[in-house]
Amino acid sequence: MSKKDENKRRIRRRLVGSYVWSVVSTSLLLLLCALSSLLLINARSISSHLKESLSVSVLFKPEVSEKAATSWMRSVELLPFVREVEVIGREQGREELSRMLGEDFLESFSLDVIPVSSQVGLKAEYVCADSLDTVTRLLGVSPLVESVDCSFSLIEALDTNLAKISFALALFIALLLAVSCVLIANMVRLSVFSNRFTINTMNLVGASRSFILRPFVGRAVVQALLSSFVCCAVVAVLLSVLKRSLPELYSVISLSSILSTSAIVLASSLLLCTLSTLVVVNSLLNAPKDDLYC
């Protein structure tokens, strides 16, 4: 093999390596955009999930049977603020206390001493201080109920800090997206700038502006599509891992939000890659020859 052919192969390998690295780097930056967008789109669903994970504890009087408690809770289940109801019988209550306090601690107690209880799950829109006062009064008015506990301090802290956390998260995501967009644009500019002498030669021989732009824009579109595909594939893998490890959190993420995120990634990639390519190529076509060596 001649030295000239070897140099051509070396240059070709460098160009391919540079293009692959550009696609990988763009994919990683798009991944940040995708995860941020997915989190922002599902912020309301995650907030509702956290609120609905809290429940109101209803403790019945010792003489109330499990059958009577279940019958009353069926009527409670029809109330507009109730999402689900779980009745905890004496035997189940004893097992839970045994796990918490130990079997030795409960040996001195009779099984009948442990009352029937219930956990009432509320709809997310009712998990706030004002609504919980009404819920507590409605549940505690029954002669079967001994007490109602709804962890006011935890719910008030969640309700107070949720708006602040959401605002701070939105600012962080906006900053992250802005940084990612700038980095993607700079990578595309560097990739095109490496071909500045080729662009200048084509311009000198009289090639039209559209003829010069066409291959660079086409390569930018291919790069955008490849980067978007890699990014979406990584997101799909992360979601499958989330589904296996945290199925409850995965259930909060809707299919429409995943499709919207994919569309955002594709549109952002196409817009940034093609726009950066157009700006750089046009600036090189209008630049003086001496600037090409800077």
# chains A, B, ... in the order shown; residues from 1 in each chain; ligands from 1
call {"tool": "select_by_dssp", "arguments": {"residues": "region 44-268 of chain A", "states": "strand (DSSP E)", "output": "ChimeraX atom specification"}}
result
/A:55-60,82-88,117-122,145-149
call {"tool": "atom_distance", "arguments": {"atom1": "CA of Leu40 (chain A)", "atom2": "CA of Val252 (chain A)"}}
result
12.7 Å
call {"tool": "atom_distance", "arguments": {"atom1": "CA of Cys150 (chain A)", "atom2": "CA of Phe167 (chain A)"}}
result
26.8 Å
call {"tool": "closest_residue", "arguments": {"among": "A:Val145, A:Leu204, A:Leu29, A:Leu284", "to": "Ala224 (chain A)", "atoms": "only C-alpha atoms"}}
result
A:Leu29
